[in-house]
Number of protein chains: 2
Amino acid sequence: MTSEVADGSAGAGEPPRRATIRDVATAAGVSRSTTSRALTGRGYVTPSVRDRVRKVARDLGYVPDAMARHLRQQAGHSVGVLVSDLRNDFYASLASGISQQARKRQYTMMLTDDGGSPEIEAEAAEAFVALRVAGVIVTPLSADVTDYLTRHRIPAVEVDRQFAAGACDAVVVDNAGAARRVTSDLLALGHRRIALVIDETHWTTGRDRSAGYEGAFADAGVPLDRSLIVTAGWDVGGALQEGRTLLSLPDRPTAIFAANNVLAEGVWRAAAELRLDIPRDLSLVSFDDVPWMSMVRPGITAVAQDSVAMGEAAIAQLIERIQAPSAPIRTVMLAATLSRRGSTAPPS
Amino acid sequence: MTSEVADGSAGAGEPPRRATIRDVATAAGVSRSTTSRALTGRGYVTPSVRDRVRKVARDLGYVPDAMARHLRQQAGHSVGVLVSDLRNDFYASLASGISQQARKRQYTMMLTDDGGSPEIEAEAAEAFVALRVAGVIVTPLSADVTDYLTRHRIPAVEVDRQFAAGACDAVVVDNAGAARRVTSDLLALGHRRIALVIDETHWTTGRDRSAGYEGAFADAGVPLDRSLIVTAGWDVGGALQEGRTLLSLPDRPTAIFAANNVLAEGVWRAAAELRLDIPRDLSLVSFDDVPWMSMVRPGITAVAQDSVAMGEAAIAQLIERIQAPSAPIRTVMLAATLSRRGSTAPPS
DNA sequence: GCTCCTTCTGGGATCGATCCCACACGGAGG
DNA sequence: CCTCCGTGTGGGATCGATCCCAGAAGGAGC
């Protein structure tokens, strides 16, 4: 970024073609081959020639065409990233972690936000194939994505959710363990009517988190009331709606475990609307520790996933897969930590 | 994404080359030219041939190589996006808006998060040039980026901040007007010691927001105490530190205007630490309305920028620029709205 | 003097898709 | 019968960079 672009002459009308390796070669008085060797550093070049070529390239503002290079080398140097919703703090910081690590490894990142739509997810996957990305990191909405990418020999890593278990590398947190732990804590405080507000229970994160919740009941020998497991979709509005219903029941739950930050926001807003005091009238715990949870009074106890670390782990896994395409498939499970705050108390 | 990838035969060992247009042509029994015309829809093809070619392509799982296509056409179909910090809600939803609009227009998005570092910003710009993106949308850290891109004939649009005024298209909100409005409101409530906590005051957003703040004092004929203008950097920690200092002064301000959501978070946390009651002990207003501001009690009055709309406007502007490279340069200014909540009151 | 090796350079093919151009075919019109 | 035009198809050049290979130049060793 330090040098000037070649600009023909001072006039204004000339076609402002961008400098190619041919221009550099001509200006330096050597062949294209030599120029290429001088710039990439691969192969023999006399030092003096190398320096001259490099200087000329800089003076011309030459930037090699990544398209042409990758076409020839049959391997791109970008990673595709496909997340569900950038406006959700969790995905945003995941993307942020991936972006930083990718850059450190000299990869550029192509990011798409599928908004939870499988059609858009499929389109994005096709775009990644067309662009010949080196690999893809995805928070999948179905098993199709990684299946499709794998058929096209593009390494893929599933993050957060895991659909193609055993068929694709993955980086997840210990959803079941963390869910069991927070539920056990609520049971130990004396709660019995503990609701689970969750997006869905058939897929991976939802399945594991609800399994952990159920497991805690089993551990404690407390019978489970399945009517307290409510699926609330993927937006704050839905969770708000479900929260209102749940908290208006004659025998409303004394505690709620919200399975992610969006659901927690909805439930929290519902409780605020109904003027329920946390934790006196309601204990609330959440998955995904996001900033607002330590700002509201009382703070919300939450399972913290280190999303930046997840992004890093995903990139690391992807790079290994690119370098060793036939190494055994691996699932990395990260531990989750618990941020205890003031949103839980014994039932009154 | 519906079809299978060609897989030679049932065996395992064959080199799994990906299908090219040549394979499609051979399988359909026509030439590459005809195949290209059939698939792109440009030029004459007999309908029966067209359909046959398309079917063959689908059966083979053929996905055209975007690298090769763009190399030939000398024009990429991705837009580069460069934002400061994805973990900040404002930039994340900006990116989200851009992503959605870009996809609608059949562009893919290359996103980089520069973390506030001009070096990374410069690197990213160079990567965009190398990738021959069709255009770039950037929240600039210096005038260099758009200058560099412009020299390389890559259309660029500055969003949020504006460095290269007059040299580059831009989409901004009415920072000065909105800042003046909220400051006037505070003055009208009777506040006189109103602090401004801001990231910096020399660049565009900071300059305009502080100009609005100062303008309101001038309008009201109230003298300004410049010691109450504090620059607090770009992270929550810095703002927290400055907030502590400011709020521990013997004659501490009765109101604070935080110039963005990160600064507001820091100030809010400082006030909470010092057990100051909002709005009784301190009135607080902010720029950037993010979810937590409507969750804490009382809610924080904030200037709301519609970041999704900003993203849309930026893409629209960029596409126009791509289509008309020499049209007059334009700055689009969006209005900001005010979300009034309970965080302000007359000084006690 | 001859071979052999190392160092260095340039020519041309290559990646995959597009697109210009030449040409073939068949029917209409003079 | 010959030309002209519209329709449809294939051959080959092209985009920009890389890389294989041939070969030149120069020094060492026998």
# chains A, B, ... in the order shown; residues from 1 in each chain; ligands from 1

call {"tool": "interface_residues", "arguments": {"of": "chain B", "to": "chain C", "cutoff": "8 Å", "atoms": "only C-alpha atoms (C1' of nucleotides)", "output": "ChimeraX atom specification"}}
result
/B:20-21,36,64-65,68-69,72-73

call {"tool": "calpha_fit_and_write", "arguments": {"fixed": "chain B", "moving": "chain A", "output": "mmCIF file with C-alpha atoms, in the first residue's frame"}}
result
data_model
loop_
_atom_site.group_PDB
_atom_site.id
_atom_site.type_symbol
_atom_site.label_atom_id
_atom_site.label_comp_id
_atom_site.auth_asym_id
_atom_site.auth_seq_id
_atom_site.Cartn_x
_atom_site.Cartn_y
_atom_site.Cartn_z
ATOM 1 C CA MET A 1 -27.121 -28.683 -4.456
ATOM 2 C CA THR A 2 -29.522 -31.337 -5.605
ATOM 3 C CA SER A 3 -27.328 -33.541 -7.717
ATOM 4 C CA GLU A 4 -24.521 -36.001 -7.427
ATOM 5 C CA VAL A 5 -20.914 -35.365 -8.186
ATOM 6 C CA ALA A 6 -19.427 -37.373 -11.014
ATOM 7 C CA ASP A 7 -17.351 -40.083 -9.471
ATOM 8 C CA GLY A 8 -15.532 -41.862 -12.257
ATOM 9 C CA SER A 9 -16.578 -45.368 -11.337
ATOM 10 C CA ALA A 10 -17.489 -47.180 -8.180
ATOM 11 C CA GLY A 11 -13.863 -47.775 -7.168
ATOM 12 C CA ALA A 12 -12.023 -45.739 -4.580
ATOM 13 C CA GLY A 13 -8.578 -45.057 -5.996
ATOM 14 C CA GLU A 14 -9.275 -42.841 -9.030
ATOM 15 C CA PRO A 15 -8.145 -39.238 -8.952
ATOM 16 C CA PRO A 16 -11.402 -37.474 -8.076
ATOM 17 C CA ARG A 17 -11.009 -34.598 -10.504
ATOM 18 C CA ARG A 18 -13.789 -32.075 -10.426
ATOM 19 C CA ALA A 19 -15.990 -31.734 -13.502
ATOM 20 C CA THR A 20 -15.091 -28.950 -15.930
ATOM 21 C CA ILE A 21 -16.988 -27.510 -18.819
ATOM 22 C CA ARG A 22 -14.946 -29.807 -21.040
ATOM 23 C CA ASP A 23 -16.365 -32.852 -19.288
ATOM 24 C CA VAL A 24 -19.866 -31.526 -19.718
ATOM 25 C CA ALA A 25 -19.218 -30.810 -23.399
ATOM 26 C CA THR A 26 -17.855 -34.290 -24.042
ATOM 27 C CA ALA A 27 -20.680 -35.968 -22.163
ATOM 28 C CA ALA A 28 -23.274 -33.946 -24.064
ATOM 29 C CA GLY A 29 -21.511 -34.462 -27.393
ATOM 30 C CA VAL A 30 -21.106 -30.769 -28.202
ATOM 31 C CA SER A 31 -18.281 -28.264 -28.132
ATOM 32 C CA ARG A 32 -17.176 -26.171 -25.174
ATOM 33 C CA SER A 33 -18.515 -23.056 -26.867
ATOM 34 C CA THR A 34 -21.961 -24.488 -27.216
ATOM 35 C CA THR A 35 -21.875 -25.742 -23.667
ATOM 36 C CA SER A 36 -20.943 -22.314 -22.420
ATOM 37 C CA ARG A 37 -23.773 -20.735 -24.376
ATOM 38 C CA ALA A 38 -26.233 -23.328 -23.133
ATOM 39 C CA LEU A 39 -25.301 -22.780 -19.510
ATOM 40 C CA THR A 40 -24.934 -19.036 -19.457
ATOM 41 C CA GLY A 41 -27.859 -18.353 -21.763
ATOM 42 C CA ARG A 42 -25.855 -15.949 -23.915
ATOM 43 C CA GLY A 43 -25.933 -16.524 -27.670
ATOM 44 C CA TYR A 44 -27.763 -18.912 -29.956
ATOM 45 C CA VAL A 45 -28.441 -22.487 -28.858
ATOM 46 C CA THR A 46 -31.156 -24.810 -30.070
ATOM 47 C CA PRO A 47 -33.557 -25.385 -27.176
ATOM 48 C CA SER A 48 -33.208 -29.146 -27.291
ATOM 49 C CA VAL A 49 -29.432 -28.897 -27.138
ATOM 50 C CA ARG A 50 -29.616 -26.379 -24.344
ATOM 51 C CA ASP A 51 -31.808 -28.629 -22.233
ATOM 52 C CA ARG A 52 -29.629 -31.663 -22.858
ATOM 53 C CA VAL A 53 -26.489 -29.790 -21.881
ATOM 54 C CA ARG A 54 -28.098 -28.465 -18.751
ATOM 55 C CA LYS A 55 -29.260 -31.890 -17.726
ATOM 56 C CA VAL A 56 -25.816 -33.353 -18.275
ATOM 57 C CA ALA A 57 -24.273 -30.538 -16.235
ATOM 58 C CA ARG A 58 -26.665 -31.189 -13.389
ATOM 59 C CA ASP A 59 -26.025 -34.922 -13.479
ATOM 60 C CA LEU A 60 -22.302 -34.342 -13.344
ATOM 61 C CA GLY A 61 -22.629 -31.939 -10.450
ATOM 62 C CA TYR A 62 -20.865 -29.336 -12.526
ATOM 63 C CA VAL A 63 -20.209 -26.012 -10.814
ATOM 64 C CA PRO A 64 -18.492 -23.424 -13.014
ATOM 65 C CA ASP A 65 -15.155 -22.174 -11.731
ATOM 66 C CA ALA A 66 -15.662 -18.576 -10.660
ATOM 67 C CA MET A 67 -11.905 -17.974 -10.797
ATOM 68 C CA ALA A 68 -11.640 -18.909 -14.438
ATOM 69 C CA ARG A 69 -14.783 -17.040 -15.349
ATOM 70 C CA HIS A 70 -13.725 -13.855 -13.656
ATOM 71 C CA LEU A 71 -10.223 -14.065 -15.024
ATOM 72 C CA ARG A 72 -11.639 -14.130 -18.511
ATOM 73 C CA GLN A 73 -14.264 -11.492 -17.865
ATOM 74 C CA GLN A 74 -11.877 -9.282 -15.954
ATOM 75 C CA ALA A 75 -14.487 -8.563 -13.332
ATOM 76 C CA GLY A 76 -15.169 -10.319 -10.083
ATOM 77 C CA HIS A 77 -18.551 -10.722 -8.506
ATOM 78 C CA SER A 78 -17.729 -10.267 -4.861
ATOM 79 C CA VAL A 79 -17.726 -7.196 -2.696
ATOM 80 C CA GLY A 80 -15.106 -6.646 -0.048
ATOM 81 C CA VAL A 81 -16.262 -5.434 3.341
ATOM 82 C CA LEU A 82 -13.925 -4.082 5.949
ATOM 83 C CA VAL A 83 -15.247 -3.237 9.411
ATOM 84 C CA SER A 84 -13.551 -2.330 12.664
ATOM 85 C CA ASP A 85 -14.873 -4.851 15.115
ATOM 86 C CA LEU A 86 -17.378 -7.596 14.559
ATOM 87 C CA ARG A 87 -17.909 -8.039 18.255
ATOM 88 C CA ASN A 88 -19.398 -4.574 18.389
ATOM 89 C CA ASP A 89 -23.127 -4.839 17.759
ATOM 90 C CA PHE A 90 -23.129 -1.844 15.488
ATOM 91 C CA TYR A 91 -20.582 -3.245 13.034
ATOM 92 C CA ALA A 92 -22.048 -6.710 13.236
ATOM 93 C CA SER A 93 -25.479 -5.566 12.194
ATOM 94 C CA LEU A 94 -23.978 -3.331 9.543
ATOM 95 C CA ALA A 95 -22.224 -6.383 8.132
ATOM 96 C CA SER A 96 -25.417 -8.354 8.417
ATOM 97 C CA GLY A 97 -27.338 -5.775 6.378
ATOM 98 C CA ILE A 98 -24.624 -5.677 3.759
ATOM 99 C CA SER A 99 -24.517 -9.445 3.564
ATOM 100 C CA GLN A 100 -28.244 -9.746 2.942
ATOM 101 C CA GLN A 101 -28.364 -7.056 0.318
ATOM 102 C CA ALA A 102 -25.246 -8.316 -1.419
ATOM 103 C CA ARG A 103 -26.715 -11.756 -1.691
ATOM 104 C CA LYS A 104 -29.919 -10.386 -3.171
ATOM 105 C CA ARG A 105 -27.839 -8.802 -5.887
ATOM 106 C CA GLN A 106 -25.896 -12.007 -6.477
ATOM 107 C CA TYR A 107 -22.679 -10.765 -4.988
ATOM 108 C CA THR A 108 -20.666 -12.748 -2.489
ATOM 109 C CA MET A 109 -19.134 -10.933 0.441
ATOM 110 C CA MET A 110 -15.523 -11.054 1.565
ATOM 111 C CA LEU A 111 -15.446 -9.771 5.106
ATOM 112 C CA THR A 112 -12.509 -8.690 7.203
ATOM 113 C CA ASP A 113 -12.424 -7.370 10.722
ATOM 114 C CA ASP A 114 -9.439 -5.054 11.101
ATOM 115 C CA GLY A 115 -9.685 -4.744 14.867
ATOM 116 C CA GLY A 116 -8.940 -1.040 14.601
ATOM 117 C CA SER A 117 -5.471 -1.580 13.204
ATOM 118 C CA PRO A 118 -4.458 0.483 10.161
ATOM 119 C CA GLU A 119 -1.854 -2.121 9.179
ATOM 120 C CA ILE A 120 -4.467 -4.835 9.011
ATOM 121 C CA GLU A 121 -6.722 -2.444 7.149
ATOM 122 C CA ALA A 122 -3.991 -1.905 4.564
ATOM 123 C CA GLU A 123 -3.339 -5.641 4.218
ATOM 124 C CA ALA A 124 -7.014 -6.303 3.737
ATOM 125 C CA ALA A 125 -7.249 -3.632 1.060
ATOM 126 C CA GLU A 126 -4.383 -5.253 -0.783
ATOM 127 C CA ALA A 127 -6.054 -8.636 -0.523
ATOM 128 C CA PHE A 128 -9.202 -7.133 -2.030
ATOM 129 C CA VAL A 129 -7.203 -5.741 -4.923
ATOM 130 C CA ALA A 130 -5.556 -9.110 -5.465
ATOM 131 C CA LEU A 131 -8.926 -10.818 -5.491
ATOM 132 C CA ARG A 132 -10.258 -8.313 -8.003
ATOM 133 C CA VAL A 133 -13.380 -7.600 -6.025
ATOM 134 C CA ALA A 134 -16.032 -5.551 -7.788
ATOM 135 C CA GLY A 135 -16.066 -2.982 -5.006
ATOM 136 C CA VAL A 136 -15.364 -2.370 -1.351
ATOM 137 C CA ILE A 137 -17.396 -1.069 1.571
ATOM 138 C CA VAL A 138 -15.303 0.139 4.460
ATOM 139 C CA THR A 139 -15.547 1.802 7.861
ATOM 140 C CA PRO A 140 -12.216 3.548 7.326
ATOM 141 C CA LEU A 141 -9.439 4.094 9.832
ATOM 142 C CA SER A 142 -7.599 6.547 7.602
ATOM 143 C CA ALA A 143 -7.932 8.178 4.219
ATOM 144 C CA ASP A 144 -5.328 5.770 2.820
ATOM 145 C CA VAL A 145 -7.659 2.845 2.210
ATOM 146 C CA THR A 146 -10.074 4.433 -0.161
ATOM 147 C CA ASP A 147 -7.249 6.377 -1.764
ATOM 148 C CA TYR A 148 -5.387 3.138 -2.430
ATOM 149 C CA LEU A 149 -8.487 1.391 -3.745
ATOM 150 C CA THR A 150 -9.349 4.322 -5.962
ATOM 151 C CA ARG A 151 -5.870 4.330 -7.476
ATOM 152 C CA HIS A 152 -6.449 0.700 -8.330
ATOM 153 C CA ARG A 153 -9.785 1.649 -9.925
ATOM 154 C CA ILE A 154 -11.791 -0.280 -7.390
ATOM 155 C CA PRO A 155 -15.015 1.478 -6.426
ATOM 156 C CA ALA A 156 -15.223 2.111 -2.709
ATOM 157 C CA VAL A 157 -17.855 3.410 -0.333
ATOM 158 C CA GLU A 158 -17.092 4.712 3.133
ATOM 159 C CA VAL A 159 -19.713 3.923 5.781
ATOM 160 C CA ASP A 160 -20.204 5.314 9.261
ATOM 161 C CA ARG A 161 -16.954 7.291 9.172
ATOM 162 C CA GLN A 162 -15.907 9.475 6.294
ATOM 163 C CA PHE A 163 -12.276 10.265 5.658
ATOM 164 C CA ALA A 164 -11.975 10.932 2.019
ATOM 165 C CA ALA A 165 -14.853 13.406 1.821
ATOM 166 C CA GLY A 166 -15.286 14.517 -1.765
ATOM 167 C CA ALA A 167 -12.933 11.820 -3.050
ATOM 168 C CA CYS A 168 -15.103 8.841 -2.338
ATOM 169 C CA ASP A 169 -18.773 7.947 -1.987
ATOM 170 C CA ALA A 170 -20.003 7.704 1.558
ATOM 171 C CA VAL A 171 -23.001 6.733 3.654
ATOM 172 C CA VAL A 172 -23.184 8.385 7.051
ATOM 173 C CA VAL A 173 -25.791 9.434 9.565
ATOM 174 C CA ASP A 174 -26.420 12.957 10.662
ATOM 175 C CA ASN A 175 -23.982 12.772 13.547
ATOM 176 C CA ALA A 176 -23.857 16.485 14.234
ATOM 177 C CA GLY A 177 -27.623 16.930 14.155
ATOM 178 C CA ALA A 178 -28.345 13.983 16.409
ATOM 179 C CA ALA A 179 -25.639 14.945 18.891
ATOM 180 C CA ARG A 180 -26.943 18.508 18.997
ATOM 181 C CA ARG A 181 -30.428 17.249 19.632
ATOM 182 C CA VAL A 182 -29.636 15.015 22.592
ATOM 183 C CA THR A 183 -27.336 17.615 24.113
ATOM 184 C CA SER A 184 -30.030 20.278 23.743
ATOM 185 C CA ASP A 185 -32.462 18.005 25.523
ATOM 186 C CA LEU A 186 -30.071 17.668 28.444
ATOM 187 C CA LEU A 187 -29.552 21.423 28.564
ATOM 188 C CA ALA A 188 -33.295 21.974 28.470
ATOM 189 C CA LEU A 189 -33.677 19.670 31.466
ATOM 190 C CA GLY A 190 -31.430 22.057 33.341
ATOM 191 C CA HIS A 191 -28.110 20.237 33.119
ATOM 192 C CA ARG A 192 -25.021 22.424 32.871
ATOM 193 C CA ARG A 193 -22.160 20.070 33.629
ATOM 194 C CA ILE A 194 -22.650 17.657 30.754
ATOM 195 C CA ALA A 195 -19.652 15.465 29.966
ATOM 196 C CA LEU A 196 -18.912 14.108 26.502
ATOM 197 C CA VAL A 197 -17.182 10.741 26.468
ATOM 198 C CA ILE A 198 -15.880 10.107 23.009
ATOM 199 C CA ASP A 199 -13.376 7.896 21.205
ATOM 200 C CA GLU A 200 -11.552 10.755 19.498
ATOM 201 C CA THR A 201 -12.474 14.178 18.192
ATOM 202 C CA HIS A 202 -10.300 14.672 15.128
ATOM 203 C CA TRP A 203 -11.828 12.192 12.784
ATOM 204 C CA THR A 204 -15.170 12.328 11.166
ATOM 205 C CA THR A 205 -17.742 10.731 13.431
ATOM 206 C CA GLY A 206 -16.041 12.030 16.551
ATOM 207 C CA ARG A 207 -15.587 15.471 15.066
ATOM 208 C CA ASP A 208 -19.218 15.742 14.024
ATOM 209 C CA ARG A 209 -20.611 14.382 17.239
ATOM 210 C CA SER A 210 -18.507 16.712 19.317
ATOM 211 C CA ALA A 211 -19.418 19.583 17.000
ATOM 212 C CA GLY A 212 -23.093 18.838 17.611
ATOM 213 C CA TYR A 213 -22.481 18.751 21.338
ATOM 214 C CA GLU A 214 -20.675 22.073 21.245
ATOM 215 C CA GLY A 215 -23.277 23.527 18.939
ATOM 216 C CA ALA A 216 -26.025 22.793 21.446
ATOM 217 C CA PHE A 217 -24.141 24.717 24.113
ATOM 218 C CA ALA A 218 -23.718 27.619 21.738
ATOM 219 C CA ASP A 219 -27.412 27.539 20.831
ATOM 220 C CA ALA A 220 -28.345 27.669 24.492
ATOM 221 C CA GLY A 221 -25.766 30.313 25.264
ATOM 222 C CA VAL A 222 -24.287 28.087 27.947
ATOM 223 C CA PRO A 223 -20.522 28.229 28.429
ATOM 224 C CA LEU A 224 -18.686 25.011 27.701
ATOM 225 C CA ASP A 225 -16.246 23.388 30.113
ATOM 226 C CA ARG A 226 -13.750 21.630 27.860
ATOM 227 C CA SER A 227 -12.381 19.573 30.704
ATOM 228 C CA LEU A 228 -15.610 17.597 30.493
ATOM 229 C CA ILE A 229 -14.771 16.350 27.023
ATOM 230 C CA VAL A 230 -12.825 13.142 27.520
ATOM 231 C CA THR A 231 -11.436 10.827 24.895
ATOM 232 C CA ALA A 232 -11.664 7.255 26.040
ATOM 233 C CA GLY A 233 -10.333 5.084 23.251
ATOM 234 C CA TRP A 234 -12.078 2.167 21.611
ATOM 235 C CA ASP A 235 -12.775 -0.460 24.228
ATOM 236 C CA VAL A 236 -15.051 -0.909 27.193
ATOM 237 C CA GLY A 237 -12.078 -0.993 29.564
ATOM 238 C CA GLY A 238 -10.887 2.458 28.589
ATOM 239 C CA ALA A 239 -14.333 3.957 28.926
ATOM 240 C CA LEU A 240 -14.805 2.270 32.281
ATOM 241 C CA GLN A 241 -11.566 3.815 33.476
ATOM 242 C CA GLU A 242 -12.441 7.281 32.224
ATOM 243 C CA GLY A 243 -15.945 6.925 33.615
ATOM 244 C CA ARG A 244 -14.624 6.130 37.075
ATOM 245 C CA THR A 245 -12.353 9.169 37.027
ATOM 246 C CA LEU A 246 -15.038 11.470 35.736
ATOM 247 C CA LEU A 247 -17.671 10.311 38.195
ATOM 248 C CA SER A 248 -15.320 10.532 41.151
ATOM 249 C CA LEU A 249 -14.620 14.218 40.601
ATOM 250 C CA PRO A 250 -15.661 16.503 43.459
ATOM 251 C CA ASP A 251 -17.944 18.391 41.085
ATOM 252 C CA ARG A 252 -18.855 15.466 38.916
ATOM 253 C CA PRO A 253 -21.016 15.987 35.827
ATOM 254 C CA THR A 254 -24.753 15.618 36.268
ATOM 255 C CA ALA A 255 -25.136 14.175 32.790
ATOM 256 C CA ILE A 256 -22.976 12.231 30.351
ATOM 257 C CA PHE A 257 -23.318 11.891 26.628
ATOM 258 C CA ALA A 258 -21.486 8.746 25.500
ATOM 259 C CA ALA A 259 -20.636 8.935 21.834
ATOM 260 C CA ASN A 260 -21.123 5.250 21.032
ATOM 261 C CA ASN A 261 -22.400 2.007 22.507
ATOM 262 C CA VAL A 262 -19.043 0.757 23.731
ATOM 263 C CA LEU A 263 -18.357 3.990 25.576
ATOM 264 C CA ALA A 264 -21.871 3.938 26.998
ATOM 265 C CA GLU A 265 -21.286 0.447 28.337
ATOM 266 C CA GLY A 266 -18.098 1.568 30.069
ATOM 267 C CA VAL A 267 -19.712 4.637 31.579
ATOM 268 C CA TRP A 268 -22.738 2.655 32.673
ATOM 269 C CA ARG A 269 -20.563 0.064 34.379
ATOM 270 C CA ALA A 270 -18.597 2.826 36.098
ATOM 271 C CA ALA A 271 -21.800 4.398 37.389
ATOM 272 C CA ALA A 272 -22.989 0.993 38.620
ATOM 273 C CA GLU A 273 -19.706 0.403 40.434
ATOM 274 C CA LEU A 274 -19.982 3.778 42.154
ATOM 275 C CA ARG A 275 -23.590 3.025 43.035
ATOM 276 C CA LEU A 276 -24.872 6.090 41.288
ATOM 277 C CA ASP A 277 -28.558 6.011 40.567
ATOM 278 C CA ILE A 278 -29.602 6.729 37.000
ATOM 279 C CA PRO A 279 -31.282 9.121 36.379
ATOM 280 C CA ARG A 280 -31.359 10.636 39.852
ATOM 281 C CA ASP A 281 -27.599 11.027 40.325
ATOM 282 C CA LEU A 282 -26.670 10.930 36.667
ATOM 283 C CA SER A 283 -28.423 11.322 33.355
ATOM 284 C CA LEU A 284 -26.965 9.188 30.568
ATOM 285 C CA VAL A 285 -27.546 9.317 26.832
ATOM 286 C CA SER A 286 -25.773 7.356 24.151
ATOM 287 C CA PHE A 287 -25.148 7.075 20.453
ATOM 288 C CA ASP A 288 -26.024 3.655 18.923
ATOM 289 C CA ASP A 289 -29.086 1.957 20.287
ATOM 290 C CA VAL A 290 -28.201 -1.663 21.080
ATOM 291 C CA PRO A 291 -30.331 -4.296 22.850
ATOM 292 C CA TRP A 292 -28.956 -3.948 26.367
ATOM 293 C CA MET A 293 -30.026 -0.310 26.469
ATOM 294 C CA SER A 294 -33.658 -1.351 26.584
ATOM 295 C CA MET A 295 -32.988 -4.113 29.095
ATOM 296 C CA VAL A 296 -31.262 -2.317 31.932
ATOM 297 C CA ARG A 297 -33.414 -0.348 34.392
ATOM 298 C CA PRO A 298 -33.941 2.420 33.585
ATOM 299 C CA GLY A 299 -33.524 2.051 29.839
ATOM 300 C CA ILE A 300 -30.881 4.228 28.231
ATOM 301 C CA THR A 301 -31.955 7.061 25.940
ATOM 302 C CA ALA A 302 -30.011 6.611 22.730
ATOM 303 C CA VAL A 303 -29.611 7.858 19.194
ATOM 304 C CA ALA A 304 -30.615 4.937 16.998
ATOM 305 C CA GLN A 305 -28.812 4.420 13.722
ATOM 306 C CA ASP A 306 -30.537 1.932 11.478
ATOM 307 C CA SER A 307 -27.428 -0.052 10.718
ATOM 308 C CA VAL A 308 -29.205 -2.495 8.448
ATOM 309 C CA ALA A 309 -30.472 0.436 6.371
ATOM 310 C CA MET A 310 -26.955 1.818 6.283
ATOM 311 C CA GLY A 311 -25.685 -1.458 4.924
ATOM 312 C CA GLU A 312 -28.369 -1.446 2.276
ATOM 313 C CA ALA A 313 -27.638 2.128 1.292
ATOM 314 C CA ALA A 314 -23.943 1.329 1.063
ATOM 315 C CA ILE A 315 -24.505 -1.609 -1.260
ATOM 316 C CA ALA A 316 -26.883 0.392 -3.412
ATOM 317 C CA GLN A 317 -24.378 3.199 -3.669
ATOM 318 C CA LEU A 318 -21.583 0.780 -4.497
ATOM 319 C CA ILE A 319 -23.529 -0.892 -7.271
ATOM 320 C CA GLU A 320 -24.358 2.467 -8.812
ATOM 321 C CA ARG A 321 -20.703 3.404 -8.701
ATOM 322 C CA ILE A 322 -19.698 0.122 -10.346
ATOM 323 C CA GLN A 323 -22.161 0.764 -13.136
ATOM 324 C CA ALA A 324 -21.287 4.437 -13.554
ATOM 325 C CA PRO A 325 -17.657 4.853 -12.542
ATOM 326 C CA SER A 326 -17.490 8.502 -13.468
ATOM 327 C CA ALA A 327 -20.790 9.711 -12.052
ATOM 328 C CA PRO A 328 -20.428 12.540 -9.549
ATOM 329 C CA ILE A 329 -19.239 11.491 -6.120
ATOM 330 C CA ARG A 330 -21.976 11.422 -3.548
ATOM 331 C CA THR A 331 -22.413 11.379 0.187
ATOM 332 C CA VAL A 332 -25.676 9.914 1.441
ATOM 333 C CA MET A 333 -26.695 11.156 4.843
ATOM 334 C CA LEU A 334 -29.282 9.162 6.742
ATOM 335 C CA ALA A 335 -31.345 10.592 9.528
ATOM 336 C CA ALA A 336 -30.974 9.142 12.992
ATOM 337 C CA THR A 337 -33.886 8.656 15.338
ATOM 338 C CA LEU A 338 -33.983 9.086 19.077
ATOM 339 C CA SER A 339 -35.096 6.297 21.388
ATOM 340 C CA ARG A 340 -36.198 8.090 24.541
ATOM 341 C CA ARG A 341 -36.089 6.014 27.699
ATOM 342 C CA GLY A 342 -35.772 6.652 31.367
ATOM 343 C CA SER A 343 -32.116 7.512 31.758
ATOM 344 C CA THR A 344 -32.511 11.266 31.812
ATOM 345 C CA ALA A 345 -34.073 13.598 34.374
ATOM 346 C CA PRO A 346 -33.484 17.110 35.647
ATOM 347 C CA PRO A 347 -30.352 17.389 37.803
ATOM 348 C CA SER A 348 -31.087 16.918 41.496
#

call {"tool": "closest_atom_pairs", "arguments": {"of": "chain D", "to": "chain A", "cutoff": "8 Å", "atoms": "only C-alpha atoms (C1' of nucleotides)", "output": "CSV"}}
result
residue,atom,partner,partner_atom,distance
D:DG16,C1',A:Ala68,CA,5.1
D:DA17,C1',A:Arg69,CA,5.0
D:DT18,C1',A:Arg72,CA,6.3

call {"tool": "write_last_selection", "arguments": {"atoms": "C-alpha atoms (C1' of nucleotides)", "output": "tab-separated table (two decimals), in the first residue's frame"}}
result
chain	number	residue	atom	x	y	z
D	16	DG	C1'	-2.72	-13.51	-15.79
D	17	DA	C1'	0.24	-16.20	-13.32
D	18	DT	C1'	2.90	-20.50	-12.65

call {"tool": "select_by_dssp", "arguments": {"residues": "segment 199-256 of chain A", "states": "strand (DSSP E)", "output": "count of residues only"}}
result
5

call {"tool": "select_by_dssp", "arguments": {"residues": "segment 206-282 of chain B", "states": "helix (DSSP H, G or I)", "output": "MDAnalysis selection string"}}
result
chainID B and resid 206:220 226:228 236:247 261:273
